[in-house]
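Step one of this worksheet: look at the structure below.
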Amino acid sequence: MTAPETPDRSSFVLLQVGERRFALPSEIVSELAPPVRLHTFPHTSALVAGVIVRRGHAVPVYDVAPTLLGKDSPTHRFYLIAQRAFGKTSEAGAIPLNGECELATAEVQPPDPGRPAYISGSLKIGKETVELLDFEALVAQQSADTVDASHVEAQS
Amino acid sequence: MRIASQDGGKSRRARRSEPVILFSVAHQMFAISADSVQEIRSTDSMAGAANEIEQPLLEKVRHTIDRAHRKYYVVNACTHFNLPVTRPTLVLILRQLRVAVLVDKIERMAEISAVHTLPLAFIGDERRWYRGLAYVEDHVIPVIEPAGFLTREEFKALERVTKSSESQREMEGAVQA
């Protein structure tokens, strides 16, 4: 007897950034944290807004809204803590959210043509299509944007 | 069978605390190991000992001060950390390096039990500026790496410039005499 063929359905965390919803693979998400205090100090890593403290560790906060929405994010209600790979090690990073999260199971569809590299696919959730984020690529995109902007600024 | 006492376990786990000076620059608080600071002086008291660098090589270093026959480079912490420029009132004279740092004020002394590694997400100059982060009460405070105020290259370049302007001044003095 052979098992019936089923489509590859994985679980995802749906997150609200501004007025849009995105998805992240659930295996990289650690927790949804309350809006604890953001600690800031001078640095030159443009994509990092500061750190929050979770379980005795400083967790960097990535401000992804300008990339995803093209504008600053509104008031933050939660932080989604996800794991980011750094070579053989990984580190928790926080994404500010302004809405609650939802766990969903769906089949990944390829991204629409022309979508940025940080969109790795899309999910059909009911009538809604939610774009799947590649956390690594998103962060890399922000770094590249910052370098480009500073280069233009330096030339002008 | 021996059962280790709880007290023994506690003492092994006890961490050595490190005394730090908490200071602020443009309303931003920093910590620096007390051992790395030789002296704290007011800018007013140092005014007579400060020499302006005629053609500053670095925006953040505009003066030198002479202490015990040694030349110290005065780093403006506001400029160093890209913070809004304020009017510094104190100079931290560092111990192991010929660097003095202009700061706004000393907040207080504190003991920190650990310096936590800077998260890998930080990829810029801050990796050179800080030893890591300290948790002091409800605050996360960057702990200064004293050697981060001037890179070796910056230090060498400053040495070259100040030596050349000194020898020029000496020559001018000899000609006038």
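The way I read the labels, and the way they are meant: chains A, B, ... in the order of the structure tokens, residue 1 as the first residue of every chain, and ligand 1 as the first ligand shown, with later ones counted on from there.
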
Pull out every residue of chain A that has at least one atom within 7 Å of chain B, counting only C-alpha atoms, and report them as an mmCIF file with C-alpha atoms, in the first residue's frame.
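part08.cif written:
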data_model
loop_
_atom_site.group_PDB
_atom_site.id
_atom_site.type_symbol
_atom_site.label_atom_id
_atom_site.label_comp_id
_atom_site.auth_asym_id
_atom_site.auth_seq_id
_atom_site.Cartn_x
_atom_site.Cartn_y
_atom_site.Cartn_z
ATOM 1 C CA HIS A 39 17.126 50.356 23.927
ATOM 2 C CA PHE A 41 22.698 53.525 21.356
ATOM 3 C CA PRO A 42 24.968 54.931 18.659
ATOM 4 C CA HIS A 43 25.809 52.538 15.847
ATOM 5 C CA THR A 44 26.152 52.529 12.070
ATOM 6 C CA SER A 45 24.158 49.397 11.176
ATOM 7 C CA PRO A 60 18.500 43.247 17.856
#

_If DSSP is run on the backbone, what residues of segment 104-140 of chain B are helix (DSSP H, G or I)? A reply as a VMD selection string would be ideal._
chain B and resid 126 to 129

Include N, CA and C atoms and write out the residues we just selected as a short mmCIF file (atom, residue, chain, number, x, y, z; two decimals), in the first residue's frame.
data_model
loop_
_atom_site.label_atom_id
_atom_site.label_comp_id
_atom_site.auth_asym_id
_atom_site.auth_seq_id
_atom_site.Cartn_x
_atom_site.Cartn_y
_atom_site.Cartn_z
N GLU B 126 30.47 50.20 15.25
CA GLU B 126 30.19 49.89 16.65
C GLU B 126 30.92 48.64 17.13
N ARG B 127 31.30 47.77 16.23
CA ARG B 127 32.03 46.56 16.63
C ARG B 127 33.42 46.94 17.14
N ARG B 128 33.93 48.08 16.64
CA ARG B 128 35.22 48.59 17.11
C ARG B 128 35.04 49.50 18.33
N TRP B 129 33.90 50.19 18.39
CA TRP B 129 33.67 51.15 19.47
C TRP B 129 33.42 50.49 20.82
#

*Using atom CA of Ser45 of chain B and atom CA of Val143 of chain B as the two end points, give the distance in Å to one decimal.*
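Straight-line distance from atom CA of Ser45 of chain B to atom CA of Val143 of chain B works out to 26.9 Å.
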
_I'd like to know which of A:Leu38, A:Val17, A:Leu24, A:Ala140 is closest to Val108 of chain A, using only C-alpha atoms._
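Closest to Val108 of chain A of all the choices is A:Leu24.
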
*Which residues in segment 73-149 of chain A does DSSP call strand (DSSP E or B)? List them as a PyMOL selection string.*
chain A and resi 78-86+89-97+102-109+119-125+128-133

*asked:* At a cut-off of 8 Å, using only C-alpha atoms, what residues contact Arg41 of chain B? Leave out same-chain residues fewer than 4 positions from it and give the result as a list of chain:residue names.
replied: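 Surrounding residues, per the criterion: B:Ser45, B:Met46, B:Leu90, B:Val91, B:Leu92, B:Ile93.
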
Write the residues of the selection above to a file with N, CA and C atoms, as an mmCIF file, in the first residue's frame.
data_model
loop_
_atom_site.group_PDB
_atom_site.id
_atom_site.type_symbol
_atom_site.label_atom_id
_atom_site.label_comp_id
_atom_site.auth_asym_id
_atom_site.auth_seq_id
_atom_site.Cartn_x
_atom_site.Cartn_y
_atom_site.Cartn_z
ATOM 1 N N SER B 45 39.730 73.369 33.387
ATOM 2 C CA SER B 45 41.047 73.197 34.023
ATOM 3 C C SER B 45 42.109 72.767 33.027
ATOM 4 N N MET B 46 41.684 72.237 31.876
ATOM 5 C CA MET B 46 42.642 71.755 30.874
ATOM 6 C C MET B 46 42.918 72.794 29.785
ATOM 7 N N LEU B 90 33.788 67.797 30.492
ATOM 8 C CA LEU B 90 34.786 66.950 31.161
ATOM 9 C C LEU B 90 35.699 66.260 30.154
ATOM 10 N N VAL B 91 36.887 65.948 30.620
ATOM 11 C CA VAL B 91 37.849 65.193 29.803
ATOM 12 C C VAL B 91 38.205 63.913 30.553
ATOM 13 N N LEU B 92 38.002 62.778 29.899
ATOM 14 C CA LEU B 92 38.466 61.507 30.478
ATOM 15 C C LEU B 92 39.850 61.237 29.907
ATOM 16 N N ILE B 93 40.848 61.210 30.743
ATOM 17 C CA ILE B 93 42.201 60.901 30.261
ATOM 18 C C ILE B 93 42.418 59.406 30.455
#

Do you know which residues are at most 8 Å from Ala49 of chain A counting only C-alpha atoms, after dropping those on the same chain fewer than 2 positions away, and could you put them as a short mmCIF file (atom, residue, chain, number, x, y, z; two decimals) with C-alpha atoms, in the first residue's frame?
data_model
loop_
_atom_site.label_atom_id
_atom_site.label_comp_id
_atom_site.auth_asym_id
_atom_site.auth_seq_id
_atom_site.Cartn_x
_atom_site.Cartn_y
_atom_site.Cartn_z
CA THR A 40 19.05 52.50 21.48
CA ALA A 46 21.31 51.13 9.40
CA LEU A 47 18.79 48.32 9.47
CA VAL A 51 17.86 46.07 21.05
CA PRO A 60 18.50 43.25 17.86
CA VAL A 61 15.39 44.85 16.41
CA TYR A 62 15.17 45.05 12.61
CA ASP A 63 13.05 47.87 11.26
#

*Spatial neighbours of Pro34 of chain A, max dist 8 Å, only C-alpha atoms, sep filter under 3 positions, as a ChimeraX atom specification*: /A:77-79

Next, dump the selected residues to file, keeping only C-alpha atoms, as a compact mmCIF listing (two decimals), in the first residue's frame.
# COMPACT_ATOMS: atom_id res chain seq x y z
CA ARG A 77 2.27 46.35 19.52
CA PHE A 78 4.45 43.25 19.47
CA TYR A 79 7.87 41.97 18.52

*Proximity to Leu80 of chain A - best of A:Leu133, A:Ile28, A:Ala94, A:Ala23, only C-alpha atoms*: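 Among A:Leu133, A:Ile28, A:Ala94, A:Ala23, it is A:Ala94 that comes nearest to Leu80 of chain A.
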
*Rounded to one decimal in Å, what is the spacing between atom CA of Glu136 of chain A and atom CA of Arg84 of chain A?*
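These atoms are spaced 6.7 Å apart.
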
*Which residues, written as a PyMOL selection string, have at least one atom at most 10 Å from Val37 of chain B, with only C-alpha atoms counted and residues fewer than 2 positions away on the same chain left out?*
chain B and resi 20-21+32-35+39-40+92-97+100-101+146

Hey, can you spit out that residue selection with N, CA and C atoms as a PDB file, in the first residue's frame?
ATOM      1  N   VAL B  20      32.662  50.326  36.677  1.00  0.00           N
ATOM      2  CA  VAL B  20      32.635  51.139  35.455  1.00  0.00           C
ATOM      3  C   VAL B  20      32.211  52.567  35.797  1.00  0.00           C
ATOM      4  N   ILE B  21      32.601  53.460  34.932  1.00  0.00           N
ATOM      5  CA  ILE B  21      32.146  54.847  35.035  1.00  0.00           C
ATOM      6  C   ILE B  21      31.042  55.015  33.993  1.00  0.00           C
ATOM      7  N   ILE B  32      32.406  52.892  30.789  1.00  0.00           N
ATOM      8  CA  ILE B  32      33.814  52.612  30.487  1.00  0.00           C
ATOM      9  C   ILE B  32      34.438  52.034  31.745  1.00  0.00           C
ATOM     10  N   SER B  33      35.265  51.040  31.568  1.00  0.00           N
ATOM     11  CA  SER B  33      35.908  50.407  32.710  1.00  0.00           C
ATOM     12  C   SER B  33      36.677  51.457  33.502  1.00  0.00           C
ATOM     13  N   ALA B  34      36.475  51.475  34.817  1.00  0.00           N
ATOM     14  CA  ALA B  34      37.150  52.468  35.659  1.00  0.00           C
ATOM     15  C   ALA B  34      38.664  52.302  35.560  1.00  0.00           C
ATOM     16  N   ASP B  35      39.106  51.062  35.347  1.00  0.00           N
ATOM     17  CA  ASP B  35      40.553  50.800  35.252  1.00  0.00           C
ATOM     18  C   ASP B  35      41.192  51.460  34.041  1.00  0.00           C
ATOM     19  N   GLU B  39      42.345  59.668  34.728  1.00  0.00           N
ATOM     20  CA  GLU B  39      42.017  60.927  35.373  1.00  0.00           C
ATOM     21  C   GLU B  39      40.780  61.535  34.710  1.00  0.00           C
ATOM     22  N   ILE B  40      40.000  62.250  35.513  1.00  0.00           N
ATOM     23  CA  ILE B  40      38.863  62.992  34.941  1.00  0.00           C
ATOM     24  C   ILE B  40      39.063  64.462  35.311  1.00  0.00           C
ATOM     25  N   LEU B  92      38.002  62.778  29.899  1.00  0.00           N
ATOM     26  CA  LEU B  92      38.466  61.507  30.478  1.00  0.00           C
ATOM     27  C   LEU B  92      39.850  61.237  29.907  1.00  0.00           C
ATOM     28  N   ILE B  93      40.848  61.210  30.743  1.00  0.00           N
ATOM     29  CA  ILE B  93      42.201  60.901  30.261  1.00  0.00           C
ATOM     30  C   ILE B  93      42.418  59.406  30.455  1.00  0.00           C
ATOM     31  N   LEU B  94      42.619  58.713  29.352  1.00  0.00           N
ATOM     32  CA  LEU B  94      42.692  57.243  29.417  1.00  0.00           C
ATOM     33  C   LEU B  94      44.058  56.789  29.931  1.00  0.00           C
ATOM     34  N   ARG B  95      44.083  55.565  30.424  1.00  0.00           N
ATOM     35  CA  ARG B  95      45.289  55.073  31.091  1.00  0.00           C
ATOM     36  C   ARG B  95      46.310  54.460  30.113  1.00  0.00           C
ATOM     37  N   GLN B  96      45.901  53.498  29.350  1.00  0.00           N
ATOM     38  CA  GLN B  96      46.869  52.756  28.532  1.00  0.00           C
ATOM     39  C   GLN B  96      47.147  53.394  27.175  1.00  0.00           C
ATOM     40  N   LEU B  97      46.315  54.368  26.818  1.00  0.00           N
ATOM     41  CA  LEU B  97      46.424  54.955  25.481  1.00  0.00           C
ATOM     42  C   LEU B  97      46.625  56.460  25.620  1.00  0.00           C
ATOM     43  N   ALA B 100      42.542  61.258  25.159  1.00  0.00           N
ATOM     44  CA  ALA B 100      41.651  61.898  26.132  1.00  0.00           C
ATOM     45  C   ALA B 100      40.308  62.086  25.425  1.00  0.00           C
ATOM     46  N   VAL B 101      39.226  61.953  26.168  1.00  0.00           N
ATOM     47  CA  VAL B 101      37.903  61.966  25.529  1.00  0.00           C
ATOM     48  C   VAL B 101      37.039  63.065  26.142  1.00  0.00           C
ATOM     49  N   PRO B 146      38.210  51.159  24.837  1.00  0.00           N
ATOM     50  CA  PRO B 146      39.051  52.375  24.796  1.00  0.00           C
ATOM     51  C   PRO B 146      39.883  52.477  23.514  1.00  0.00           C
TER      52      PRO B 146
END
